[in-house]
>>> print(open('structure11.cif').read())   # mmCIF, C-alpha atoms
data_coords
#
loop_
_atom_site.label_atom_id
_atom_site.label_comp_id
_atom_site.auth_asym_id
_atom_site.auth_seq_id
_atom_site.Cartn_x
_atom_site.Cartn_y
_atom_site.Cartn_z
CA MET T 1 -6.70 -4.08 -50.02
CA ASN T 2 -5.29 -2.25 -46.99
CA SER T 3 -8.40 -3.06 -44.98
CA PHE T 4 -7.81 -6.82 -45.29
CA ALA T 5 -6.91 -8.10 -41.82
CA MET T 6 -4.37 -10.91 -41.59
CA LYS T 7 -6.22 -14.21 -41.58
CA LYS T 8 -5.23 -17.17 -39.42
CA VAL T 9 -5.36 -20.41 -41.41
CA ALA T 10 -5.55 -23.68 -39.46
CA VAL T 11 -4.78 -26.86 -41.37
CA ILE T 12 -6.26 -29.91 -39.62
CA LEU T 13 -4.02 -32.96 -39.97
CA PHE T 14 -4.38 -36.65 -39.10
CA ASP T 15 -2.37 -39.69 -40.09
CA CYS T 16 -2.81 -40.67 -43.74
CA PHE T 17 -3.76 -37.22 -44.94
CA GLU T 18 -3.17 -36.75 -48.67
CA THR T 19 0.06 -34.85 -49.39
CA LEU T 20 -1.08 -32.62 -52.24
CA ASP T 21 -4.44 -31.85 -50.60
CA VAL T 22 -2.48 -29.89 -48.03
CA PHE T 23 0.54 -28.58 -49.90
CA GLY T 24 -1.23 -27.58 -53.09
CA SER T 25 -3.31 -25.13 -51.07
CA VAL T 26 -0.38 -24.16 -48.84
CA GLU T 27 1.69 -23.30 -51.92
CA ILE T 28 -1.06 -20.83 -52.90
CA VAL T 29 -2.01 -19.16 -49.63
CA GLY T 30 1.64 -19.35 -48.54
CA ARG T 31 2.45 -17.00 -51.43
CA LEU T 32 0.43 -14.31 -49.67
CA PRO T 33 2.18 -14.01 -46.29
CA GLU T 34 0.87 -10.46 -45.95
CA TYR T 35 -2.69 -11.88 -45.87
CA PHE T 36 -2.47 -15.40 -44.45
CA GLU T 37 -0.66 -17.05 -41.54
CA ILE T 38 -0.70 -20.86 -41.67
CA ASP T 39 -0.51 -23.29 -38.74
CA TYR T 40 -0.89 -27.06 -38.55
CA TYR T 41 -3.03 -28.72 -35.91
CA SER T 42 -4.19 -32.17 -34.92
CA LEU T 43 -6.29 -33.50 -32.08
CA GLU T 44 -3.30 -35.06 -30.31
CA GLY T 45 -0.52 -32.76 -31.55
CA GLY T 46 2.85 -34.18 -32.59
CA ILE T 47 3.95 -35.59 -35.93
CA LYS T 48 1.25 -36.53 -38.44
CA THR T 49 2.29 -38.49 -41.54
CA SER T 50 0.70 -38.29 -44.97
CA THR T 51 -0.14 -41.41 -46.98
CA GLN T 52 2.90 -40.55 -49.09
CA GLY T 53 5.13 -40.43 -46.00
CA VAL T 54 5.48 -36.67 -45.43
CA ARG T 55 5.89 -35.97 -41.69
CA ILE T 56 4.52 -32.67 -40.36
CA ALA T 57 4.73 -31.32 -36.81
CA THR T 58 1.35 -30.22 -35.44
CA LYS T 59 0.10 -28.36 -32.39
CA LYS T 60 -2.88 -29.64 -30.41
CA THR T 61 -6.22 -28.20 -31.46
CA ASP T 62 -6.77 -27.58 -27.72
CA SER T 63 -3.97 -25.00 -27.83
CA ILE T 64 -5.93 -22.76 -30.20
CA THR T 65 -6.80 -19.51 -28.46
CA GLY T 66 -8.84 -16.92 -30.27
CA ARG T 67 -10.57 -17.34 -33.56
CA ILE T 68 -9.40 -19.27 -36.59
CA ASP T 69 -10.35 -17.38 -39.74
CA VAL T 70 -9.86 -20.12 -42.31
CA LEU T 71 -10.16 -23.81 -41.52
CA LEU T 72 -8.58 -26.10 -44.11
CA ILE T 73 -9.47 -29.80 -44.00
CA PRO T 74 -7.63 -32.15 -46.35
CA GLY T 75 -8.77 -35.59 -47.42
CA GLY T 76 -6.89 -38.84 -47.72
CA LYS T 77 -7.19 -42.43 -46.62
CA GLY T 78 -7.20 -41.32 -42.97
CA THR T 79 -10.64 -39.76 -43.37
CA ARG T 80 -12.17 -43.27 -43.51
CA ARG T 81 -11.10 -43.71 -39.89
CA GLU T 82 -11.51 -40.11 -38.72
CA VAL T 83 -15.22 -39.84 -39.68
CA GLU T 84 -15.76 -42.17 -36.71
CA ASN T 85 -13.59 -40.03 -34.38
CA ASP T 86 -16.31 -38.15 -32.49
CA GLU T 87 -13.84 -35.97 -30.63
CA LEU T 88 -12.19 -34.77 -33.85
CA ILE T 89 -15.58 -34.12 -35.45
CA ARG T 90 -16.65 -32.05 -32.40
CA VAL T 91 -13.44 -29.99 -32.65
CA ILE T 92 -13.94 -29.45 -36.39
CA ALA T 93 -17.56 -28.39 -35.70
CA ARG T 94 -16.47 -25.86 -33.08
CA LEU T 95 -13.64 -24.39 -35.18
CA SER T 96 -15.71 -24.29 -38.35
CA GLU T 97 -18.68 -22.58 -36.67
CA GLN T 98 -16.36 -19.83 -35.45
CA ALA T 99 -14.33 -19.58 -38.67
CA GLU T 100 -15.01 -17.08 -41.38
CA TYR T 101 -14.39 -19.77 -44.02
CA THR T 102 -13.97 -23.52 -44.12
CA LEU T 103 -12.25 -25.16 -47.09
CA THR T 104 -12.24 -28.91 -47.65
CA ILE T 105 -10.27 -30.83 -50.23
CA CYS T 106 -11.13 -34.27 -51.56
CA THR T 107 -12.66 -36.49 -48.83
CA GLY T 108 -12.07 -33.74 -46.26
CA SER T 109 -15.70 -32.87 -47.02
CA ALA T 110 -16.77 -36.13 -45.33
CA LEU T 111 -15.27 -34.88 -42.05
CA LEU T 112 -17.06 -31.56 -42.38
CA ALA T 113 -20.31 -33.30 -43.37
CA LYS T 114 -20.19 -35.33 -40.15
CA THR T 115 -20.46 -32.07 -38.16
CA ASN T 116 -23.87 -31.45 -39.80
CA LEU T 117 -22.75 -27.93 -40.72
CA LEU T 118 -23.15 -28.85 -44.41
CA ASP T 119 -26.75 -30.07 -43.98
CA GLY T 120 -28.90 -28.48 -46.69
CA LYS T 121 -25.82 -27.03 -48.36
CA THR T 122 -24.11 -27.90 -51.63
CA ALA T 123 -20.79 -29.71 -51.48
CA THR T 124 -18.58 -32.00 -53.52
CA SER T 125 -15.76 -34.48 -53.00
CA ASN T 126 -13.37 -36.90 -54.64
CA LYS T 127 -15.03 -38.79 -57.47
CA ARG T 128 -13.64 -42.22 -56.72
CA ALA T 129 -14.81 -42.01 -53.10
CA PHE T 130 -18.04 -40.18 -53.88
CA ASP T 131 -20.54 -42.87 -52.89
CA TRP T 132 -18.79 -43.39 -49.57
CA VAL T 133 -18.74 -39.64 -48.90
CA VAL T 134 -22.47 -39.38 -49.70
CA SER T 135 -23.14 -42.23 -47.27
CA THR T 136 -21.60 -40.25 -44.39
CA ASN T 137 -24.42 -37.67 -44.49
CA LYS T 138 -27.38 -37.69 -46.89
CA GLU T 139 -28.64 -34.28 -45.73
CA VAL T 140 -25.93 -32.58 -47.79
CA HIS T 141 -26.69 -31.63 -51.39
CA TRP T 142 -23.79 -33.57 -52.86
CA LYS T 143 -22.89 -32.36 -56.34
CA ARG T 144 -21.10 -35.01 -58.35
CA LYS T 145 -20.06 -32.86 -61.31
CA ALA T 146 -18.13 -29.94 -59.85
CA ARG T 147 -14.46 -28.99 -59.70
CA TRP T 148 -15.38 -27.17 -56.52
CA THR T 149 -18.43 -25.66 -54.80
CA VAL T 150 -19.04 -22.56 -52.70
CA ASP T 151 -22.09 -22.34 -50.41
CA GLU T 152 -21.96 -19.42 -48.01
CA LYS T 153 -18.70 -19.81 -46.11
CA TYR T 154 -18.11 -23.43 -47.13
CA TYR T 155 -15.75 -24.22 -50.00
CA THR T 156 -15.46 -27.90 -50.95
CA SER T 157 -13.34 -29.33 -53.72
CA SER T 158 -13.27 -32.46 -55.76
CA GLY T 159 -10.24 -34.82 -55.61
CA ILE T 160 -6.69 -33.82 -54.66
CA SER T 161 -5.57 -31.51 -57.50
CA ALA T 162 -8.97 -29.80 -57.52
CA GLY T 163 -7.98 -28.29 -54.19
CA MET T 164 -5.53 -26.02 -56.01
CA ASP T 165 -8.21 -24.78 -58.38
CA MET T 166 -10.57 -24.14 -55.46
CA THR T 167 -7.94 -22.36 -53.39
CA LEU T 168 -7.14 -20.07 -56.31
CA GLY T 169 -10.90 -19.47 -56.56
CA PHE T 170 -10.98 -18.64 -52.84
CA VAL T 171 -8.09 -16.18 -53.30
CA SER T 172 -9.94 -14.68 -56.25
CA ASP T 173 -13.11 -14.23 -54.18
CA LEU T 174 -11.20 -12.57 -51.33
CA LEU T 175 -8.47 -10.62 -53.09
CA GLY T 176 -9.60 -10.40 -56.70
CA LEU T 177 -9.09 -12.31 -59.92
CA ASP T 178 -5.87 -10.47 -60.76
CA THR T 179 -4.20 -11.76 -57.61
CA ALA T 180 -5.32 -15.33 -58.29
CA ASN T 181 -4.19 -15.12 -61.92
CA ARG T 182 -0.82 -13.70 -60.87
CA ILE T 183 -0.23 -16.58 -58.45
CA ALA T 184 -1.25 -19.18 -61.05
CA GLN T 185 1.16 -17.55 -63.50
CA GLU T 186 3.99 -17.51 -60.95
CA MET T 187 3.36 -21.20 -60.28
CA GLU T 188 3.19 -21.88 -64.03
CA TYR T 189 -0.09 -23.54 -63.12
CA GLU T 190 -2.81 -24.04 -65.74
CA TRP T 191 -5.62 -22.96 -63.45
CA ASN T 192 -9.01 -24.49 -64.22
CA ASN T 193 -10.91 -21.46 -62.94
CA ASP T 194 -14.40 -22.75 -63.74
CA PRO T 195 -15.92 -24.64 -60.79
CA GLU T 196 -18.43 -26.26 -63.18
CA ASN T 197 -15.73 -27.62 -65.51
CA ASP T 198 -15.12 -31.07 -64.07
CA LEU T 199 -13.38 -33.55 -66.35
CA PHE T 200 -13.38 -36.30 -63.76
CA GLU T 201 -17.08 -36.82 -63.14
CA PHE T 202 -18.28 -40.31 -64.06
CA MET Z 1 7.19 -55.02 -63.96
CA ASN Z 2 8.36 -57.66 -61.46
CA SER Z 3 11.97 -57.00 -62.41
CA PHE Z 4 11.74 -53.36 -61.32
CA ALA Z 5 13.98 -53.00 -58.26
CA MET Z 6 12.87 -50.61 -55.52
CA LYS Z 7 14.41 -47.22 -56.19
CA LYS Z 8 15.76 -44.96 -53.48
CA VAL Z 9 14.68 -41.37 -54.03
CA ALA Z 10 16.65 -38.62 -52.28
CA VAL Z 11 15.04 -35.19 -52.10
CA ILE Z 12 17.65 -32.47 -51.52
CA LEU Z 13 16.30 -29.68 -49.29
CA PHE Z 14 17.60 -26.27 -48.23
CA ASP Z 15 15.90 -23.31 -46.58
CA CYS Z 16 13.49 -21.48 -48.89
CA PHE Z 17 12.77 -24.44 -51.11
CA GLU Z 18 9.48 -24.13 -52.99
CA THR Z 19 6.69 -26.16 -51.36
CA LEU Z 20 4.96 -27.54 -54.44
CA ASP Z 21 8.26 -28.30 -56.24
CA VAL Z 22 8.79 -30.99 -53.63
CA PHE Z 23 5.31 -32.17 -52.71
CA GLY Z 24 3.86 -32.23 -56.21
CA SER Z 25 6.46 -34.84 -57.15
CA VAL Z 26 6.22 -36.58 -53.76
CA GLU Z 27 2.44 -36.95 -54.22
CA ILE Z 28 3.15 -38.80 -57.48
CA VAL Z 29 6.10 -41.08 -56.63
CA GLY Z 30 4.66 -41.52 -53.13
CA ARG Z 31 1.66 -43.23 -54.76
CA LEU Z 32 4.00 -46.02 -55.88
CA PRO Z 33 5.48 -47.27 -52.58
CA GLU Z 34 6.17 -50.63 -54.18
CA TYR Z 35 8.62 -48.90 -56.55
CA PHE Z 36 9.97 -45.83 -54.76
CA GLU Z 37 11.26 -45.09 -51.26
CA ILE Z 38 11.58 -41.37 -50.50
CA ASP Z 39 14.00 -39.70 -48.06
CA TYR Z 40 14.78 -36.05 -47.38
CA TYR Z 41 18.35 -34.80 -47.08
CA SER Z 42 20.21 -31.56 -46.60
CA LEU Z 43 23.88 -30.69 -46.22
CA GLU Z 44 23.53 -29.91 -42.50
CA GLY Z 45 20.57 -32.15 -41.62
CA GLY Z 46 17.80 -30.92 -39.33
CA ILE Z 47 14.69 -28.92 -40.17
CA LYS Z 48 14.55 -27.14 -43.54
CA THR Z 49 11.73 -24.66 -44.14
CA SER Z 50 10.06 -23.90 -47.46
CA THR Z 51 9.39 -20.33 -48.61
CA GLN Z 52 5.75 -21.02 -47.70
CA GLY Z 53 6.73 -22.09 -44.17
CA VAL Z 54 6.54 -25.90 -44.42
CA ARG Z 55 9.08 -27.46 -42.04
CA ILE Z 56 10.61 -30.80 -43.04
CA ALA Z 57 13.06 -32.94 -41.07
CA THR Z 58 16.13 -33.94 -43.10
CA LYS Z 59 19.05 -36.30 -42.66
CA LYS Z 60 22.58 -35.17 -43.48
CA THR Z 61 23.72 -35.96 -47.00
CA ASP Z 62 26.88 -37.37 -45.34
CA SER Z 63 24.75 -40.12 -43.84
CA ILE Z 64 23.91 -41.55 -47.26
CA THR Z 65 25.44 -44.99 -47.62
CA GLY Z 66 25.06 -46.87 -50.87
CA ARG Z 67 23.64 -45.52 -54.06
CA ILE Z 68 20.79 -43.11 -54.51
CA ASP Z 69 18.76 -44.12 -57.56
CA VAL Z 70 16.77 -40.94 -58.11
CA LEU Z 71 17.98 -37.52 -57.03
CA LEU Z 72 15.24 -34.88 -56.83
CA ILE Z 73 16.28 -31.23 -56.63
CA PRO Z 74 13.57 -28.61 -56.09
CA GLY Z 75 13.83 -24.93 -56.82
CA GLY Z 76 12.79 -21.92 -54.82
CA LYS Z 77 14.21 -18.66 -53.58
CA GLY Z 78 16.91 -20.55 -51.67
CA THR Z 79 18.61 -21.59 -54.91
CA ARG Z 80 19.83 -17.99 -55.37
CA ARG Z 81 21.99 -18.51 -52.28
CA GLU Z 82 22.75 -22.21 -52.73
CA VAL Z 83 24.31 -21.87 -56.22
CA GLU Z 84 27.21 -20.23 -54.33
CA ASN Z 85 27.39 -23.07 -51.77
CA ASP Z 86 30.36 -25.01 -53.14
CA GLU Z 87 30.00 -27.81 -50.62
CA LEU Z 88 26.35 -28.41 -51.54
CA ILE Z 89 27.18 -28.31 -55.25
CA ARG Z 90 29.97 -30.90 -54.71
CA VAL Z 91 27.53 -33.17 -52.86
CA ILE Z 92 24.91 -32.80 -55.61
CA ALA Z 93 27.60 -33.59 -58.21
CA ARG Z 94 28.66 -36.76 -56.40
CA LEU Z 95 25.11 -38.01 -55.79
CA SER Z 96 23.96 -37.16 -59.30
CA GLU Z 97 26.94 -38.87 -60.97
CA GLN Z 98 26.11 -42.06 -59.08
CA ALA Z 99 22.35 -41.80 -59.48
CA GLU Z 100 20.40 -43.55 -62.21
CA TYR Z 101 18.26 -40.41 -62.69
CA THR Z 102 18.34 -36.80 -61.58
CA LEU Z 103 15.15 -34.73 -61.65
CA THR Z 104 15.12 -30.97 -61.14
CA ILE Z 105 12.09 -28.74 -60.72
CA CYS Z 106 12.01 -25.01 -61.41
CA THR Z 107 15.30 -23.32 -60.46
CA GLY Z 108 16.62 -26.61 -59.10
CA SER Z 109 18.21 -26.89 -62.54
CA ALA Z 110 20.55 -24.00 -61.61
CA LEU Z 111 21.99 -26.12 -58.77
CA LEU Z 112 22.49 -29.07 -61.11
CA ALA Z 113 23.96 -26.81 -63.81
CA LYS Z 114 26.59 -25.59 -61.32
CA THR Z 115 27.94 -29.17 -61.09
CA ASN Z 116 28.74 -29.01 -64.84
CA LEU Z 117 26.95 -32.34 -65.31
CA LEU Z 118 24.46 -30.58 -67.62
CA ASP Z 119 27.18 -29.09 -69.86
CA GLY Z 120 26.28 -29.78 -73.48
CA LYS Z 121 22.91 -31.14 -72.45
CA THR Z 122 19.40 -29.75 -72.89
CA ALA Z 123 17.64 -28.40 -69.82
CA THR Z 124 14.91 -25.97 -68.83
CA SER Z 125 13.81 -23.98 -65.79
CA ASN Z 126 11.32 -21.51 -64.36
CA LYS Z 127 10.38 -18.87 -66.93
CA ARG Z 128 10.45 -15.86 -64.62
CA ALA Z 129 13.96 -16.76 -63.41
CA PHE Z 130 15.19 -18.00 -66.77
CA ASP Z 131 17.82 -15.37 -67.50
CA TRP Z 132 19.34 -15.81 -64.05
CA VAL Z 133 19.41 -19.60 -64.46
CA VAL Z 134 21.10 -19.26 -67.88
CA SER Z 135 23.71 -16.98 -66.29
CA THR Z 136 24.75 -19.70 -63.84
CA ASN Z 137 26.16 -21.87 -66.65
CA LYS Z 138 26.17 -21.00 -70.35
CA GLU Z 139 27.48 -24.44 -71.42
CA VAL Z 140 24.01 -25.90 -70.93
CA HIS Z 141 21.61 -25.94 -73.89
CA TRP Z 142 18.87 -24.03 -72.10
CA LYS Z 143 15.50 -24.52 -73.76
CA ARG Z 144 13.11 -21.69 -72.97
CA LYS Z 145 9.96 -23.22 -74.43
CA ALA Z 146 9.54 -26.58 -72.72
CA ARG Z 147 7.24 -27.91 -70.03
CA TRP Z 148 10.06 -30.30 -69.25
CA THR Z 149 13.14 -31.83 -70.90
CA VAL Z 150 14.80 -35.22 -70.82
CA ASP Z 151 18.45 -35.63 -71.84
CA GLU Z 152 19.90 -39.01 -70.98
CA LYS Z 153 19.38 -39.43 -67.26
CA TYR Z 154 18.60 -35.77 -66.59
CA TYR Z 155 14.99 -34.60 -66.29
CA THR Z 156 14.49 -30.85 -65.82
CA SER Z 157 11.17 -29.07 -65.51
CA SER Z 158 9.88 -25.58 -65.96
CA GLY Z 159 8.38 -23.67 -63.00
CA ILE Z 160 6.77 -25.22 -59.92
CA SER Z 161 3.61 -26.94 -61.30
CA ALA Z 162 5.56 -28.23 -64.30
CA GLY Z 163 7.34 -30.56 -61.90
CA MET Z 164 4.15 -32.61 -61.60
CA ASP Z 165 3.86 -32.98 -65.37
CA MET Z 166 7.53 -34.00 -65.57
CA THR Z 167 7.27 -36.48 -62.72
CA LEU Z 168 4.27 -38.12 -64.37
CA GLY Z 169 6.38 -38.24 -67.56
CA PHE Z 170 9.19 -39.87 -65.57
CA VAL Z 171 6.77 -42.46 -64.17
CA SER Z 172 5.49 -43.05 -67.71
CA ASP Z 173 9.03 -43.62 -69.01
CA LEU Z 174 9.84 -46.07 -66.22
CA LEU Z 175 6.57 -47.86 -65.61
CA GLY Z 176 4.45 -47.13 -68.67
CA LEU Z 177 1.88 -44.59 -69.78
CA ASP Z 178 -0.99 -46.55 -68.23
CA THR Z 179 0.52 -46.19 -64.76
CA ALA Z 180 1.09 -42.45 -65.22
CA ASN Z 181 -2.44 -41.97 -66.56
CA ARG Z 182 -3.90 -43.94 -63.67
CA ILE Z 183 -2.09 -41.77 -61.12
CA ALA Z 184 -3.17 -38.54 -62.85
CA GLN Z 185 -6.75 -39.85 -62.84
CA GLU Z 186 -6.56 -40.77 -59.15
CA MET Z 187 -5.25 -37.28 -58.39
CA GLU Z 188 -7.97 -35.73 -60.62
CA TYR Z 189 -5.02 -33.98 -62.22
CA GLU Z 190 -5.28 -32.61 -65.77
CA TRP Z 191 -1.87 -33.89 -66.82
CA ASN Z 192 -0.15 -31.86 -69.54
CA ASN Z 193 1.68 -34.87 -70.93
CA ASP Z 194 3.41 -33.06 -73.80
CA PRO Z 195 6.85 -31.73 -72.78
CA GLU Z 196 6.75 -29.34 -75.78
CA ASN Z 197 3.42 -27.80 -74.77
CA ASP Z 198 4.52 -24.86 -72.67
CA LEU Z 199 1.93 -22.13 -72.12
CA PHE Z 200 4.23 -20.04 -69.95
CA GLU Z 201 7.08 -19.26 -72.33
CA PHE Z 202 7.51 -15.55 -72.97
#
>>> encode(input="structure11.cif", output="structure tokens")
Amino acid sequence: MNSFAMKKVAVILFDCFETLDVFGSVEIVGRLPEYFEIDYYSLEGGIKTSTQGVRIATKKTDSITGRIDVLLIPGGKGTRREVENDELIRVIARLSEQAEYTLTICTGSALLAKTNLLDGKTATSNKRAFDWVVSTNKEVHWKRKARWTVDEKYYTSSGISAGMDMTLGFVSDLLGLDTANRIAQEMEYEWNNDPENDLFEF
Amino acid sequence: MNSFAMKKVAVILFDCFETLDVFGSVEIVGRLPEYFEIDYYSLEGGIKTSTQGVRIATKKTDSITGRIDVLLIPGGKGTRREVENDELIRVIARLSEQAEYTLTICTGSALLAKTNLLDGKTATSNKRAFDWVVSTNKEVHWKRKARWTVDEKYYTSSGISAGMDMTLGFVSDLLGLDTANRIAQEMEYEWNNDPENDLFEF
């Protein structure tokens, strides 16, 4: 693993992001500080507040110099508003095109779908918001029964907690199953490591 | 449930708290803003940073006026240092004595154990740090095989992810199983709702 270059992870925040969408994944990649460096960004910079009231300081996306390796886009109630925010969608498109990987959690996939980068690709999203997410872009192959999906460089997860399963899957793909299993064990997390095993589809 | 008074939740932070210990529980109680109001405190106030680099603004514990209803104490690497912080332990003792409930996640139970409020009571903790936690106070009935424990007003959970199962159990005890099940469903979270079902005991 010595050839693995440190990857820059950018988490895109907006008001009313979902708390666990972000910090479930951050708990996992944050356990690998030798491989991942995490920063928080928003279009405007400043404090962004989750639906559950967690306040996080962000830098402006404009301040990003150089390439982001991993773009992480959470979901949450705020996505209903942000899908109409053309400037944010343009920034996500630019960062995601350059990034080696883009990961979305829950309705974060609606923001990525609006960039058209998912057109013709397989993706999933939160089950309770699924019909709305599908309506944002019908060119995506939306897969209703999936804990998470991987299509080329795009990882998309189902609702909230599914983001943890996907992020462990992402770690497994990059660094091996042993590393992902070790992290799940350290977290005492019962990892659902099968992207097809979705108990929440209806 | 109309007679349920709004409960003030105080999350006690320190540097090198564990990210998911805090935000797993916050995701859950934060979904019930009609019942719970969450604030973040530390002995010194100011920014406290998780082991995974999440920076959270805190108020000083000295600024607490009136009663805290629910005290939430996360674990993390920082607990190894904070068990020796007599001033913090005194503050936790005072707040916990007054509180209606105290919830600990992972090695947060070591901080609570140092107050002697758990003496003679059943508690659990992270499995990989278990022997160290036991060494901090041998008057506690430490239970190695438990996803979480409840003894009177004290809820203690096993490592990191177990805090989510415990917090859903806490919500179930206070507001009913239907409410806890609804939240787990909304989070697409496969709730391990059996405190005795511990896959990580060794």
>>> interface_residues(input="structure11.cif", of="chain T", to="chain Z", cutoff="6 Å", atoms="only C-alpha atoms", output="number ranges by chain")
T: 19-20, 27, 30, 52, 159-161, 187-189
>>> atom_distance(input="structure11.cif", atom1="atom CA of Phe36 of chain T", atom2="atom CA of Arg90 of chain T")
25.0 Å
>>> resolve_selection(input="structure11.cif", expression="the PyMOL selection byres ((chain Z and resi 104) around 8)", output="tab-separated table (two decimals) with C-alpha atoms, in the frame of the given file")
chain	number	residue	atom	x	y	z
Z	72	LEU	CA	15.24	-34.88	-56.83
Z	73	ILE	CA	16.28	-31.23	-56.63
Z	74	PRO	CA	13.57	-28.61	-56.09
Z	75	GLY	CA	13.83	-24.93	-56.82
Z	102	THR	CA	18.34	-36.80	-61.58
Z	103	LEU	CA	15.15	-34.73	-61.65
Z	105	ILE	CA	12.09	-28.74	-60.72
Z	106	CYS	CA	12.01	-25.01	-61.41
Z	107	THR	CA	15.30	-23.32	-60.46
Z	108	GLY	CA	16.62	-26.61	-59.10
Z	109	SER	CA	18.21	-26.89	-62.54
Z	112	LEU	CA	22.49	-29.07	-61.11
Z	155	TYR	CA	14.99	-34.60	-66.29
Z	156	THR	CA	14.49	-30.85	-65.82
Z	157	SER	CA	11.17	-29.07	-65.51
Z	163	GLY	CA	7.34	-30.56	-61.90
>>> resolve_selection(input="structure11.cif", expression="the PyMOL selection byres ((chain Z and resi 116-121) around 10)", output="ChimeraX atom specification")
/Z:89,92-93,96-97,109-115,122-123,137-142,149-152,154
>>> atom_distance(input="structure11.cif", atom1="atom CA of Phe17 of chain Z", atom2="atom CA of Thr79 of chain Z")
7.5 Å
>>> resolve_selection(input="structure11.cif", expression="the PyMOL selection byres ((chain T and resi 88) around 10)", output="count of residues only")
20
>>> residues_near_point(input="structure11.cif", point="(7.4, -33.9, -32.8)", cutoff="9 Å", atoms="all atoms listed in the file", output="list of chain:residue names")
T:Gly45, T:Gly46, T:Ile47, T:Lys48, T:Ile56, T:Ala57, T:Thr58
>>> write_last_selection(input="structure11.cif", atoms="C-alpha atoms", output="CSV table (one decimal), keeping the file's coordinate frame")
chain,number,residue,atom,x,y,z
T,45,GLY,CA,-0.5,-32.8,-31.6
T,46,GLY,CA,2.8,-34.2,-32.6
T,47,ILE,CA,4.0,-35.6,-35.9
T,48,LYS,CA,1.2,-36.5,-38.4
T,56,ILE,CA,4.5,-32.7,-40.4
T,57,ALA,CA,4.7,-31.3,-36.8
T,58,THR,CA,1.4,-30.2,-35.4
>>> atom_distance(input="structure11.cif", atom1="atom CA of Leu168 of chain T", atom2="atom CA of Asn181 of chain Z")
24.6 Å
>>> closest_residue(input="structure11.cif", among="T:Leu95, T:Met6, T:Val70, T:Met164", to="Pro195 of chain T", atoms="all atoms listed in the file")
T:Met164
>>> residues_around(input="structure11.cif", residues="Asp173 of chain Z", least_positions_apart="3", cutoff="12 Å", atoms="all atoms listed in the file", output="ChimeraX atom specification")
/Z:101,150,152-153,155,166-170,176-181,193
